[in-house]
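S.K.: As input, take data-v9.pdb (PDB, C-alpha atoms and all ligand atoms):
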```pdb
ATOM      1  CA  MET H   1       0.000   0.000   0.000
ATOM      2  CA  LYS H   2       1.114   3.554  -0.748
ATOM      3  CA  PRO H   3      -0.106   6.806   0.821
ATOM      4  CA  GLU H   4      -2.025   7.667  -2.355
ATOM      5  CA  ASP H   5      -4.109   4.464  -1.877
ATOM      6  CA  ALA H   6      -5.498   5.693   1.460
ATOM      7  CA  GLU H   7      -8.672   7.249   0.087
ATOM      8  CA  ALA H   8      -9.554   4.265  -2.124
ATOM      9  CA  VAL H   9      -8.784   1.956   0.814
ATOM     10  CA  TYR H  10     -11.184   3.955   2.975
ATOM     11  CA  HIS H  11     -14.015   3.521   0.455
ATOM     12  CA  THR H  12     -13.400  -0.173  -0.266
ATOM     13  CA  ALA H  13     -13.085  -1.049   3.428
ATOM     14  CA  SER H  14     -16.039   1.082   4.565
ATOM     15  CA  ASN H  15     -18.338  -0.428   1.947
ATOM     16  CA  ALA H  16     -17.171  -3.933   2.921
ATOM     17  CA  LEU H  17     -17.589  -3.380   6.650
ATOM     18  CA  PHE H  18     -20.966  -1.572   6.527
ATOM     19  CA  GLU H  19     -23.026  -3.577   4.076
ATOM     20  CA  SER H  20     -26.365  -3.717   5.884
ATOM     21  CA  PRO H  21     -28.943  -0.960   5.242
ATOM     22  CA  GLU H  22     -28.249   0.396   8.778
ATOM     23  CA  GLY H  23     -24.508   0.253   8.053
ATOM     24  CA  GLU H  24     -24.938   2.153   4.806
ATOM     25  CA  GLU H  25     -26.981   4.762   6.664
ATOM     26  CA  MET H  26     -24.196   5.088   9.268
ATOM     27  CA  LEU H  27     -21.667   5.629   6.482
ATOM     28  CA  ARG H  28     -23.848   8.315   4.917
ATOM     29  CA  ARG H  29     -24.077  10.120   8.268
ATOM     30  CA  ARG H  30     -20.277  10.357   8.678
ATOM     31  CA  THR H  31     -19.172  13.979   8.597
ATOM     32  CA  PRO H  32     -16.422  15.039   6.138
ATOM     33  CA  GLU H  33     -14.173  15.464   9.190
ATOM     34  CA  GLU H  34     -14.791  11.863  10.326
ATOM     35  CA  VAL H  35     -13.986  10.596   6.827
ATOM     36  CA  LYS H  36     -10.826  12.710   6.720
ATOM     37  CA  ASN H  37      -9.734  11.398  10.153
ATOM     38  CA  ARG H  38     -10.120   7.817   9.005
ATOM     39  CA  ILE H  39      -8.112   8.392   5.837
ATOM     40  CA  GLU H  40      -5.471  10.163   7.928
ATOM     41  CA  ARG H  41      -5.385   7.146  10.247
ATOM     42  CA  HIS H  42      -4.523   4.826   7.345
ATOM     43  CA  LYS H  43      -1.767   7.228   6.264
ATOM     44  CA  HIS H  44      -0.500   7.509   9.847
ATOM     45  CA  ILE H  45      -0.064   3.730  10.119
ATOM     46  CA  LEU H  46       1.580   3.611   6.719
ATOM     47  CA  ARG H  47       4.120   6.228   7.830
ATOM     48  CA  TYR H  48       5.262   4.033  10.726
ATOM     49  CA  ASP H  49       4.651   0.605   9.202
ATOM     50  CA  PRO H  50       5.043   0.783   5.414
ATOM     51  CA  ALA H  51       5.935  -2.920   5.332
ATOM     52  CA  GLY H  52       2.759  -3.975   7.184
ATOM     53  CA  ALA H  53       0.123  -2.728   4.729
ATOM     54  CA  TRP H  54      -1.016  -4.427   1.525
ATOM     55  CA  VAL H  55      -3.616  -3.717  -1.115
ATOM     56  CA  ALA H  56      -4.949  -5.869  -3.948
ATOM     57  CA  GLU H  57      -5.935  -4.122  -7.179
ATOM     58  CA  ASP H  58      -8.169  -5.181 -10.013
ATOM     59  CA  ASP H  59      -8.208  -2.984 -13.094
ATOM     60  CA  GLY H  60      -6.657  -0.118 -11.123
ATOM     61  CA  ARG H  61      -9.235  -0.282  -8.309
ATOM     62  CA  VAL H  62      -8.521  -1.368  -4.743
ATOM     63  CA  SER H  63     -10.303  -4.701  -4.265
ATOM     64  CA  GLY H  64      -8.808  -5.691  -0.907
ATOM     65  CA  VAL H  65      -6.631  -4.412   1.916
ATOM     66  CA  ALA H  66      -4.813  -5.559   5.044
ATOM     67  CA  ILE H  67      -3.150  -2.930   7.241
ATOM     68  CA  SER H  68      -1.093  -3.962  10.267
ATOM     69  CA  LEU H  69       1.241  -2.265  12.705
ATOM     70  CA  VAL H  70       3.922  -3.255  15.199
ATOM     71  CA  ARG H  71       4.432  -1.362  18.444
ATOM     72  CA  GLU H  72       7.323  -2.566  20.602
ATOM     73  CA  ARG H  73       6.755  -6.345  20.639
ATOM     74  CA  VAL H  74       3.076  -6.475  19.653
ATOM     75  CA  TRP H  75       1.496  -6.781  16.191
ATOM     76  CA  VAL H  76      -2.010  -5.435  15.509
ATOM     77  CA  LEU H  77      -4.245  -5.884  12.470
ATOM     78  CA  SER H  78      -5.857  -2.486  11.938
ATOM     79  CA  LEU H  79      -7.927  -3.110   8.809
ATOM     80  CA  PHE H  80      -8.866  -6.137   6.719
ATOM     81  CA  ALA H  81     -11.431  -6.085   3.927
ATOM     82  CA  VAL H  82     -12.160  -7.443   0.468
ATOM     83  CA  ASP H  83     -14.888  -5.942  -1.701
ATOM     84  CA  ALA H  84     -17.966  -8.111  -2.210
ATOM     85  CA  ALA H  85     -17.177  -8.920  -5.856
ATOM     86  CA  HIS H  86     -13.798 -10.477  -4.977
ATOM     87  CA  ARG H  87     -14.703 -12.481  -1.860
ATOM     88  CA  GLY H  88     -14.498 -16.195  -1.306
ATOM     89  CA  THR H  89     -11.678 -16.614  -3.829
ATOM     90  CA  GLY H  90      -8.773 -16.699  -1.381
ATOM     91  CA  LEU H  91      -7.863 -13.007  -1.775
ATOM     92  CA  GLY H  92      -8.495 -12.325   1.935
ATOM     93  CA  LYS H  93      -6.310 -15.262   2.913
ATOM     94  CA  HIS H  94      -3.521 -13.997   0.692
ATOM     95  CA  LEU H  95      -3.696 -10.455   2.133
ATOM     96  CA  LEU H  96      -3.807 -11.730   5.716
ATOM     97  CA  GLU H  97      -0.755 -13.919   5.106
ATOM     98  CA  ARG H  98       1.176 -10.863   3.885
ATOM     99  CA  ALA H  99       0.158  -8.828   6.933
ATOM    100  CA  LEU H 100       0.961 -11.715   9.286
ATOM    101  CA  GLY H 101       4.414 -11.932   7.738
ATOM    102  CA  TYR H 102       5.001  -8.535   9.327
ATOM    103  CA  ALA H 103       4.244 -10.088  12.769
ATOM    104  CA  GLU H 104       7.366 -12.234  12.580
ATOM    105  CA  GLY H 105       9.586 -11.623  15.587
ATOM    106  CA  CYS H 106       6.737 -10.197  17.687
ATOM    107  CA  ASP H 107       5.806 -11.815  21.002
ATOM    108  CA  GLY H 108       2.078 -11.161  20.704
ATOM    109  CA  ALA H 109      -0.626 -10.261  18.210
ATOM    110  CA  MET H 110      -4.160  -8.840  18.431
ATOM    111  CA  ILE H 111      -7.123  -8.296  16.141
ATOM    112  CA  ALA H 112     -10.490  -6.671  16.835
ATOM    113  CA  SER H 113     -12.674  -8.798  14.563
ATOM    114  CA  SER H 114     -15.939  -8.039  12.842
ATOM    115  CA  GLN H 115     -18.710 -10.615  13.100
ATOM    116  CA  HIS H 116     -18.164 -11.670   9.492
ATOM    117  CA  PRO H 117     -17.868 -15.498   9.367
ATOM    118  CA  ALA H 118     -14.897 -15.372   6.969
ATOM    119  CA  ALA H 119     -13.036 -12.948   9.274
ATOM    120  CA  MET H 120     -13.526 -15.063  12.407
ATOM    121  CA  ARG H 121     -12.615 -18.216  10.498
ATOM    122  CA  SER H 122      -9.480 -16.621   9.072
ATOM    123  CA  TYR H 123      -8.209 -15.449  12.460
ATOM    124  CA  ALA H 124      -8.969 -18.713  14.283
ATOM    125  CA  ARG H 125      -7.199 -20.691  11.541
ATOM    126  CA  ALA H 126      -4.199 -18.358  11.797
ATOM    127  CA  GLY H 127      -3.764 -19.496  15.407
ATOM    128  CA  PHE H 128      -5.633 -16.746  17.245
ATOM    129  CA  ASP H 129      -7.808 -17.348  20.320
ATOM    130  CA  LEU H 130     -11.241 -15.743  19.909
ATOM    131  CA  HIS H 131     -12.736 -13.853  22.861
ATOM    132  CA  PRO H 132     -16.387 -12.966  22.161
ATOM    133  CA  THR H 133     -17.405  -9.436  23.156
ATOM    134  CA  LEU H 134     -20.417  -7.208  23.746
ATOM    135  CA  THR H 135     -20.950  -3.591  22.869
ATOM    136  CA  ALA H 136     -22.985  -1.176  24.984
ATOM    137  CA  SER H 137     -24.679   1.895  23.580
ATOM    138  CA  GLY H 138     -27.312   4.476  24.352
ATOM    139  CA  PRO H 139     -27.908   7.831  25.971
ATOM    140  CA  VAL H 140     -26.238   8.209  29.376
ATOM    141  CA  ARG H 141     -28.360   8.487  32.548
ATOM    142  CA  ARG H 142     -26.569  11.475  34.008
ATOM    143  CA  GLU H 143     -27.990  11.102  37.518
ATOM    144  CA  SER H 144     -26.164   7.730  37.763
ATOM    145  CA  VAL H 145     -22.672   9.230  37.329
ATOM    146  CA  PRO H 146     -20.948   8.867  40.742
ATOM    147  CA  ALA H 147     -19.947  12.073  42.510
ATOM    148  CA  GLY H 148     -16.320  12.829  43.294
ATOM    149  CA  LEU H 149     -14.550  10.957  40.473
ATOM    150  CA  THR H 150     -10.827  11.666  40.811
ATOM    151  CA  ILE H 151     -10.095  11.732  37.089
ATOM    152  CA  ARG H 152      -8.297  14.668  35.495
ATOM    153  CA  ASP H 153      -7.605  15.834  31.947
ATOM    154  CA  GLY H 154      -4.304  14.480  30.644
ATOM    155  CA  GLU H 155      -1.321  16.492  29.440
ATOM    156  CA  ALA H 156       1.647  15.675  27.222
ATOM    157  CA  ARG H 157       3.639  14.419  30.227
ATOM    158  CA  ASP H 158       0.891  11.808  30.903
ATOM    159  CA  LEU H 159       1.739   9.971  27.675
ATOM    160  CA  GLU H 160       4.493   8.226  29.638
ATOM    161  CA  LEU H 161       1.986   7.130  32.306
ATOM    162  CA  ALA H 162      -0.245   5.756  29.541
ATOM    163  CA  ALA H 163       2.735   3.951  27.999
ATOM    164  CA  GLU H 164       3.646   2.314  31.319
ATOM    165  CA  VAL H 165       0.059   1.194  31.957
ATOM    166  CA  ASP H 166      -0.183  -0.151  28.383
ATOM    167  CA  ARG H 167       3.025  -2.156  28.729
ATOM    168  CA  ALA H 168       1.761  -3.728  31.967
ATOM    169  CA  ILE H 169      -1.721  -4.500  30.626
ATOM    170  CA  ARG H 170      -1.278  -5.221  26.859
ATOM    171  CA  GLY H 171       2.430  -5.862  26.429
ATOM    172  CA  ALA H 172       3.260  -2.673  24.487
ATOM    173  CA  ALA H 173       2.710   1.080  24.535
ATOM    174  CA  HIS H 174       0.545   2.687  21.853
ATOM    175  CA  GLY H 175       3.284   5.226  21.138
ATOM    176  CA  PRO H 176       2.356   7.462  18.180
ATOM    177  CA  ASP H 177      -1.127   5.951  17.939
ATOM    178  CA  LEU H 178      -2.326   7.508  21.192
ATOM    179  CA  GLU H 179      -0.959  10.840  19.997
ATOM    180  CA  GLN H 180      -2.818  10.353  16.701
ATOM    181  CA  MET H 181      -6.073   9.706  18.590
ATOM    182  CA  ILE H 182      -5.559  12.930  20.561
ATOM    183  CA  GLU H 183      -4.624  14.930  17.442
ATOM    184  CA  THR H 184      -7.863  13.794  15.785
ATOM    185  CA  GLY H 185     -10.125  14.903  18.626
ATOM    186  CA  CYS H 186      -9.845  12.427  21.507
ATOM    187  CA  ARG H 187      -9.475  13.853  25.001
ATOM    188  CA  LEU H 188      -6.924  12.172  27.282
ATOM    189  CA  LEU H 189      -8.306  11.366  30.752
ATOM    190  CA  VAL H 190      -5.968  10.238  33.519
ATOM    191  CA  ALA H 191      -6.202   8.525  36.912
ATOM    192  CA  ASP H 192      -3.065   8.739  39.006
ATOM    193  CA  GLY H 193      -3.780   8.224  42.692
ATOM    194  CA  PRO H 194      -3.125   5.866  45.591
ATOM    195  CA  SER H 195      -5.691   3.342  44.311
ATOM    196  CA  GLY H 196      -3.978   2.922  40.929
ATOM    197  CA  ARG H 197      -3.207   4.473  37.553
ATOM    198  CA  GLY H 198      -4.870   4.470  34.204
ATOM    199  CA  TYR H 199      -5.931   6.478  31.190
ATOM    200  CA  ALA H 200      -8.647   6.723  28.589
ATOM    201  CA  ALA H 201      -8.850   8.439  25.205
ATOM    202  CA  GLU H 202     -12.413   9.733  25.139
ATOM    203  CA  ARG H 203     -14.321  10.865  22.056
ATOM    204  CA  ASP H 204     -17.838  12.257  22.509
ATOM    205  CA  GLY H 205     -18.317  10.233  25.696
ATOM    206  CA  SER H 206     -17.092   6.928  24.245
ATOM    207  CA  PRO H 207     -13.755   5.380  25.225
ATOM    208  CA  ALA H 208     -11.589   5.004  22.098
ATOM    209  CA  VAL H 209      -9.196   3.079  24.360
ATOM    210  CA  LEU H 210      -8.965   2.619  28.138
ATOM    211  CA  ALA H 211      -6.478   0.781  30.368
ATOM    212  CA  ALA H 212      -5.768   0.828  34.087
ATOM    213  CA  THR H 213      -3.856  -1.038  36.767
ATOM    214  CA  ARG H 214      -7.024  -1.863  38.762
ATOM    215  CA  PRO H 215     -10.682  -2.527  37.845
ATOM    216  CA  GLU H 216     -11.955   0.184  40.232
ATOM    217  CA  VAL H 217      -9.755   2.752  38.484
ATOM    218  CA  ALA H 218     -10.961   1.535  35.076
ATOM    219  CA  GLN H 219     -14.579   1.927  36.259
ATOM    220  CA  ASP H 220     -13.923   5.532  37.326
ATOM    221  CA  LEU H 221     -12.277   6.257  33.969
ATOM    222  CA  LEU H 222     -15.232   4.741  32.129
ATOM    223  CA  TRP H 223     -17.654   6.893  34.137
ATOM    224  CA  ALA H 224     -15.524   9.944  33.352
ATOM    225  CA  CYS H 225     -15.822   9.130  29.630
ATOM    226  CA  LEU H 226     -19.583   8.557  29.760
ATOM    227  CA  GLU H 227     -20.098  11.759  31.746
ATOM    228  CA  ARG H 228     -18.686  13.681  28.770
ATOM    229  CA  THR H 229     -21.287  12.411  26.281
ATOM    230  CA  PRO H 230     -22.752  15.504  24.588
ATOM    231  CA  PRO H 231     -26.428  16.091  25.500
ATOM    232  CA  GLY H 232     -28.806  14.242  23.201
ATOM    233  CA  GLU H 233     -26.091  11.914  21.886
ATOM    234  CA  LYS H 234     -25.380   8.246  22.516
ATOM    235  CA  ALA H 235     -22.254   6.803  24.099
ATOM    236  CA  GLU H 236     -20.734   3.557  22.832
ATOM    237  CA  VAL H 237     -18.528   1.160  24.772
ATOM    238  CA  ASP H 238     -17.111  -1.529  22.486
ATOM    239  CA  TRP H 239     -15.109  -4.718  22.922
ATOM    240  CA  ILE H 240     -16.420  -5.770  26.365
ATOM    241  CA  SER H 241     -15.027  -9.318  26.469
ATOM    242  CA  GLY H 242     -15.485 -11.724  29.378
ATOM    243  CA  ARG H 243     -12.266 -10.336  30.878
ATOM    244  CA  GLN H 244     -13.866  -6.897  31.116
ATOM    245  CA  ASN H 245     -16.819  -7.772  33.329
ATOM    246  CA  TRP H 246     -15.784  -4.811  35.498
ATOM    247  CA  ALA H 247     -17.309  -2.601  32.760
ATOM    248  CA  VAL H 248     -20.741  -4.264  32.786
ATOM    249  CA  PRO H 249     -22.140  -2.718  36.011
ATOM    250  CA  VAL H 250     -20.985   0.717  34.819
ATOM    251  CA  VAL H 251     -22.640   0.570  31.399
ATOM    252  CA  LEU H 252     -25.848  -0.892  32.863
ATOM    253  CA  GLU H 253     -26.008   1.700  35.641
ATOM    254  CA  ALA H 254     -25.461   4.382  32.989
ATOM    255  CA  GLY H 255     -28.533   3.060  31.147
ATOM    256  CA  LEU H 256     -26.744   1.677  28.056
ATOM    257  CA  SER H 257     -27.975  -1.453  26.233
ATOM    258  CA  LEU H 258     -25.774  -4.479  25.581
ATOM    259  CA  SER H 259     -25.623  -6.354  22.302
ATOM    260  CA  PRO H 260     -23.261  -8.910  20.731
ATOM    261  CA  PHE H 261     -20.152  -7.643  18.934
ATOM    262  CA  GLY H 262     -17.135  -9.185  17.179
ATOM    263  CA  PRO H 263     -14.458 -11.142  19.046
ATOM    264  CA  ILE H 264     -11.097  -9.853  20.209
ATOM    265  CA  CYS H 265      -8.517 -12.254  18.783
ATOM    266  CA  THR H 266      -5.207 -12.806  20.558
ATOM    267  CA  ARG H 267      -2.067 -14.834  19.911
ATOM    268  CA  GLY H 268       1.130 -15.188  21.916
ATOM    269  CA  ASP H 269       2.298 -13.263  24.934
ATOM    270  CA  LEU H 270       0.422 -10.008  25.558
ATOM    271  CA  GLY H 271      -0.146  -9.424  29.270
ATOM    272  CA  PRO H 272      -3.354  -9.762  31.325
ATOM    273  CA  LEU H 273      -5.421  -7.631  28.879
ATOM    274  CA  THR H 274      -7.613  -6.436  31.749
ATOM    275  CA  PRO H 275      -8.868  -3.937  32.840
ATOM    276  CA  TYR H 276      -8.734  -2.812  29.234
ATOM    277  CA  LEU H 277     -11.109  -1.593  26.547
ATOM    278  CA  PRO H 278      -9.062  -1.869  23.347
ATOM    279  CA  SER H 279      -9.109   0.471  20.375
ATOM    280  CA  GLY H 280     -10.601  -1.177  17.257
ATOM    281  CA  PRO H 281      -7.943   0.115  14.843
ATOM    282  CA  PHE H 282      -5.001   0.279  17.261
ATOM    283  CA  LEU H 283      -6.056  -2.248  19.974
TER     284      LEU H 283
HETATM  285  C1  LIG P 301     -13.184 -11.086   5.933
HETATM  286  C2  LIG P 301     -12.827 -10.914   4.470
HETATM  287  C3  LIG P 301     -11.737  -9.853   4.344
HETATM  288  C4  LIG P 301     -12.301 -12.245   3.919
HETATM  289  O1  LIG P 301     -11.958 -12.064   2.562
HETATM  290  P1  LIG P 301     -12.228 -13.222   1.455
HETATM  291  O2  LIG P 301     -11.456 -12.876   0.249
HETATM  292  O3  LIG P 301     -13.676 -13.440   1.318
HETATM  293  O4  LIG P 301     -11.563 -14.474   2.197
HETATM  294  P2  LIG P 301     -11.061 -15.852   1.569
HETATM  295  O5  LIG P 301     -11.756 -16.151   0.288
HETATM  296  O6  LIG P 301      -9.577 -15.831   1.549
HETATM  297  O7  LIG P 301     -11.563 -16.864   2.688
HETATM  298  C5  LIG P 301     -11.021 -16.893   3.980
HETATM  299  C6  LIG P 301     -11.609 -18.071   4.725
HETATM  300  O8  LIG P 301     -12.990 -17.790   5.051
HETATM  301  C7  LIG P 301     -13.830 -18.771   4.434
HETATM  302  N1  LIG P 301     -15.017 -18.067   3.978
HETATM  303  C8  LIG P 301     -15.110 -17.239   2.918
HETATM  304  N2  LIG P 301     -16.343 -16.731   2.859
HETATM  305  C9  LIG P 301     -17.029 -17.253   3.892
HETATM  306  C10 LIG P 301     -18.356 -17.089   4.364
HETATM  307  N3  LIG P 301     -19.234 -16.282   3.757
HETATM  308  N4  LIG P 301     -18.722 -17.773   5.467
HETATM  309  C11 LIG P 301     -17.859 -18.576   6.103
HETATM  310  N5  LIG P 301     -16.569 -18.759   5.707
HETATM  311  C12 LIG P 301     -16.175 -18.104   4.600
HETATM  312  C13 LIG P 301     -13.015 -19.379   3.319
HETATM  313  O9  LIG P 301     -13.447 -20.686   3.022
HETATM  314  C14 LIG P 301     -11.630 -19.348   3.915
HETATM  315  O10 LIG P 301     -11.481 -20.374   4.864
HETATM  316  P3  LIG P 301     -10.416 -21.596   4.587
HETATM  317  O11 LIG P 301      -9.097 -20.934   4.345
HETATM  318  O12 LIG P 301     -10.463 -22.396   5.825
HETATM  319  O13 LIG P 301     -10.936 -22.276   3.369
HETATM  320  C15 LIG P 301     -14.075 -10.498   3.627
HETATM  321  O14 LIG P 301     -15.056 -11.479   3.777
HETATM  322  C16 LIG P 301     -14.674  -9.147   4.015
HETATM  323  O15 LIG P 301     -14.204  -8.102   3.553
HETATM  324  N6  LIG P 301     -15.726  -9.142   4.855
HETATM  325  C17 LIG P 301     -16.413  -7.889   5.231
HETATM  326  C18 LIG P 301     -15.514  -6.949   5.997
HETATM  327  C19 LIG P 301     -14.996  -7.581   7.266
HETATM  328  O16 LIG P 301     -15.762  -8.059   8.071
HETATM  329  N7  LIG P 301     -13.663  -7.565   7.427
HETATM  330  C20 LIG P 301     -12.998  -8.082   8.596
HETATM  331  C21 LIG P 301     -12.767  -6.988   9.566
HETATM  332  S1  LIG P 301     -12.085  -7.574  11.079
END
```
Produce structure tokens that represent the structure in this file.
Ligand SMILES: CC(C)(COP(=O)(O)OP(=O)(O)OC[C@H]1O[C@@H](n2cnc3c(N)ncnc32)[C@H](O)[C@@H]1OP(=O)(O)O)[C@@H](O)C(=O)NCCC(=O)NCCS

M.R.:
Amino acid sequence: MKPEDAEAVYHTASNALFESPEGEEMLRRRTPEEVKNRIERHKHILRYDPAGAWVAEDDGRVSGVAISLVRERVWVLSLFAVDAAHRGTGLGKHLLERALGYAEGCDGAMIASSQHPAAMRSYARAGFDLHPTLTASGPVRRESVPAGLTIRDGEARDLELAAEVDRAIRGAAHGPDLEQMIETGCRLLVADGPSGRGYAAERDGSPAVLAATRPEVAQDLLWACLERTPPGEKAEVDWISGRQNWAVPVVLEAGLSLSPFGPICTRGDLGPLTPYLPSGPFL
């Protein structure tokens, strides 16, 4: 993949990932800024990991893509899609093999999977363990937010705290990816007290990523995210696997509804992976 493919990759992958009528409607509702941020995200990964991203072309059009990244000793699959006309022919397998080649030498690997049967099959057959997850969404019941949360806004110097928590919980820091999330509108929230440390990147009340040294600290961070949901809008808490049961009482108390979501797929040595709400594109 080259930087000039980023826009075509965005369109091919978005159409592949949001095929249902509701998905198409969601795509239509994306603001130009959201689209731009996503394209920038592909370019950002390409800048750091040019050898981890692959596209397939047919007649000059992008028909498939696999984008992966390596941070410290952990590999992450950020994007994987084949357009409908080219599926079921082994193209996905071929792209995934290329991206997995980039994982060589890493201790651990992670993928936030869609619920597409071919995706889950591909990851399981590549040696990943599948951890089913739930997503929670809805308007936030403000009166449920606990009083006296000791969470503060993060500053540049807190990136090191986030990196240390990440290494302890998921085996590697997010490095430039957390900075990219902040540059594209996420707010950094930090817990740093006697009961433990942690951070969240919050966007419109939803945690884009959250990790902490203790479940109680993670719960406070999650509340601090939800509290920031703009009035009239819905919060979304994704990737609640069985390891993240600490998050369930919070989302229920906040009035959100649970529904099934894709599995988190893991391979190798990563750390406890809890308390942790991973980022879909950066895990
Ligand atoms: C997931 C995806 C990229 C796979 O691409 P593809 O080109 O169709 O995949 P392949 O033809 O290489 O098939 C991969 C495996 O899935 C199987 N498979 C293909 N289509 C399938 C289907 N509809 N149901 C179940 N299994 C299927 C294949 O048999 C193959 O398994 P095998 O190697 O054991 O024989 C593609 O289906 C897609 O873009 N889906 C929508 C977007 C998405 O969900 N992406 C994943 C994001 S995490």

S.K.: I'd like the interatomic distance between atom P2 of ligand LIG 301 (chain P) and atom CA of Arg87 of chain H, to a tenth of an Å.

M.R.: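 Atom-to-atom, atom P2 of ligand LIG 301 (chain P) and atom CA of Arg87 of chain H are spaced 6.0 Å apart.
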
S.K.: Hey, which of H:Pro263, H:Gly108, H:Gly271, H:Gly242 ends up closest to ligand LIG 301 (chain P)? Count all atoms listed in the file.

M.R.: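 Closest candidate: H:Pro263.
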
S.K.: So that each row is one residue of chain H with an atom at most 10 Å from ligand LIG 301 (chain P), can you give its shortest atom pair and the distance in Å to one decimal, using all atoms listed in the file, rows by chain and rising number, as CSV?

M.R.:
```
residue,atom,partner,partner_atom,distance
H:Thr12,CA,P:LIG301,O15,8.8
H:Ala13,CA,P:LIG301,C18,6.9
H:Ser14,CA,P:LIG301,C18,8.2
H:Asn15,CA,P:LIG301,C18,8.2
H:Ala16,CA,P:LIG301,C18,4.6
H:Leu17,CA,P:LIG301,C18,4.2
H:Phe18,CA,P:LIG301,C18,7.7
H:Glu19,CA,P:LIG301,C17,8.0
H:Ser63,CA,P:LIG301,O15,9.4
H:Gly64,CA,P:LIG301,C3,7.3
H:Val65,CA,P:LIG301,C3,7.8
H:Ala66,CA,P:LIG301,C3,8.2
H:Leu77,CA,P:LIG301,S1,8.1
H:Ser78,CA,P:LIG301,S1,8.1
H:Leu79,CA,P:LIG301,C21,6.2
H:Phe80,CA,P:LIG301,C21,4.9
H:Ala81,CA,P:LIG301,O15,3.4
H:Val82,CA,P:LIG301,O15,3.8
H:Asp83,CA,P:LIG301,O15,5.7
H:Ala84,CA,P:LIG301,O15,6.9
H:Ala85,CA,P:LIG301,O3,9.2
H:His86,CA,P:LIG301,O2,6.2
H:Arg87,CA,P:LIG301,O3,3.5
H:Gly88,CA,P:LIG301,O5,3.2
H:Thr89,CA,P:LIG301,O5,4.1
H:Gly90,CA,P:LIG301,O6,3.2
H:Leu91,CA,P:LIG301,O2,4.1
H:Gly92,CA,P:LIG301,O2,3.5
H:Lys93,CA,P:LIG301,O6,3.6
H:His94,CA,P:LIG301,O6,6.4
H:Leu95,CA,P:LIG301,O6,8.0
H:Leu96,CA,P:LIG301,O6,8.2
H:Glu97,CA,P:LIG301,O6,9.7
H:Ile111,CA,P:LIG301,S1,7.1
H:Ala112,CA,P:LIG301,S1,6.0
H:Ser113,CA,P:LIG301,S1,3.7
H:Ser114,CA,P:LIG301,S1,4.3
H:Gln115,CA,P:LIG301,O16,6.4
H:His116,CA,P:LIG301,O16,4.6
H:Pro117,CA,P:LIG301,C11,4.5
H:Ala118,CA,P:LIG301,O8,3.6
H:Ala119,CA,P:LIG301,C1,3.8
H:Met120,CA,P:LIG301,C1,7.6
H:Arg121,CA,P:LIG301,O8,5.5
H:Ser122,CA,P:LIG301,C6,5.1
H:Tyr123,CA,P:LIG301,C6,8.8
H:Ala124,CA,P:LIG301,O12,9.3
H:Arg125,CA,P:LIG301,O12,6.8
H:Ala126,CA,P:LIG301,O11,9.3
H:Gly262,CA,P:LIG301,S1,8.1
H:Pro263,CA,P:LIG301,S1,9.0
H:Ile264,CA,P:LIG301,S1,9.5
H:Cys265,CA,P:LIG301,S1,9.7
H:Gly280,CA,P:LIG301,S1,9.0
H:Pro281,CA,P:LIG301,S1,9.5
```

S.K.: At what distance in Å, to one decimal, does atom CA of Gln244 of chain H lie from atom CA of Asp220 of chain H?

M.R.: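 Going from atom CA of Asp220 of chain H over to atom CA of Gln244 of chain H covers 13.9 Å.
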
S.K.: Just so the selection is clear, what residues does the PyMOL selection byres (((chain H and resi 3) around 9) and not hetatm) cover here, as a ChimeraX atom specification?

M.R.: /H:1-2,4-7,42-43,46-47

S.K.: Specify as number ranges by chain each residue included when the PyMOL selection byres (((chain H and resi 44) around 12) and not hetatm) is applied to this file.

M.R.: H: 2-3, 6, 36-43, 45-50, 53, 67-69, 78, 176-181, 183-184, 281-282

S.K.: Save out the residues we just selected, C-alpha atoms, as a short mmCIF file (atom, residue, chain, number, x, y, z; two decimals), in the frame of the given file.

M.R.:
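Once written, selection13.cif looks like this:
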```cif
data_model
loop_
_atom_site.label_atom_id
_atom_site.label_comp_id
_atom_site.auth_asym_id
_atom_site.auth_seq_id
_atom_site.Cartn_x
_atom_site.Cartn_y
_atom_site.Cartn_z
CA LYS H 2 1.11 3.55 -0.75
CA PRO H 3 -0.11 6.81 0.82
CA ALA H 6 -5.50 5.69 1.46
CA LYS H 36 -10.83 12.71 6.72
CA ASN H 37 -9.73 11.40 10.15
CA ARG H 38 -10.12 7.82 9.01
CA ILE H 39 -8.11 8.39 5.84
CA GLU H 40 -5.47 10.16 7.93
CA ARG H 41 -5.38 7.15 10.25
CA HIS H 42 -4.52 4.83 7.34
CA LYS H 43 -1.77 7.23 6.26
CA ILE H 45 -0.06 3.73 10.12
CA LEU H 46 1.58 3.61 6.72
CA ARG H 47 4.12 6.23 7.83
CA TYR H 48 5.26 4.03 10.73
CA ASP H 49 4.65 0.60 9.20
CA PRO H 50 5.04 0.78 5.41
CA ALA H 53 0.12 -2.73 4.73
CA ILE H 67 -3.15 -2.93 7.24
CA SER H 68 -1.09 -3.96 10.27
CA LEU H 69 1.24 -2.26 12.70
CA SER H 78 -5.86 -2.49 11.94
CA PRO H 176 2.36 7.46 18.18
CA ASP H 177 -1.13 5.95 17.94
CA LEU H 178 -2.33 7.51 21.19
CA GLU H 179 -0.96 10.84 20.00
CA GLN H 180 -2.82 10.35 16.70
CA MET H 181 -6.07 9.71 18.59
CA GLU H 183 -4.62 14.93 17.44
CA THR H 184 -7.86 13.79 15.78
CA PRO H 281 -7.94 0.12 14.84
CA PHE H 282 -5.00 0.28 17.26
#
```

S.K.: Check which residues satisfy the PyMOL selection byres (((chain H and resi 70-74) around 8) and not hetatm) in the file shown, then give them as a PyMOL selection string.

M.R.: chain H and resi 49+68-69+75-76+102-103+105-110+171-175+270

S.K.: So that all listed atoms of segment 249-267 of chain H fit with 6 Å spare on each side, what axis-aligned box centre and edge lengths in Å, to one decimal, would you give as JSON?

M.R.:
```
{"center_x": -15.3, "center_y": -5.2, "center_z": 26.6, "size_x": 38.5, "size_y": 31.2, "size_z": 30.8}
```
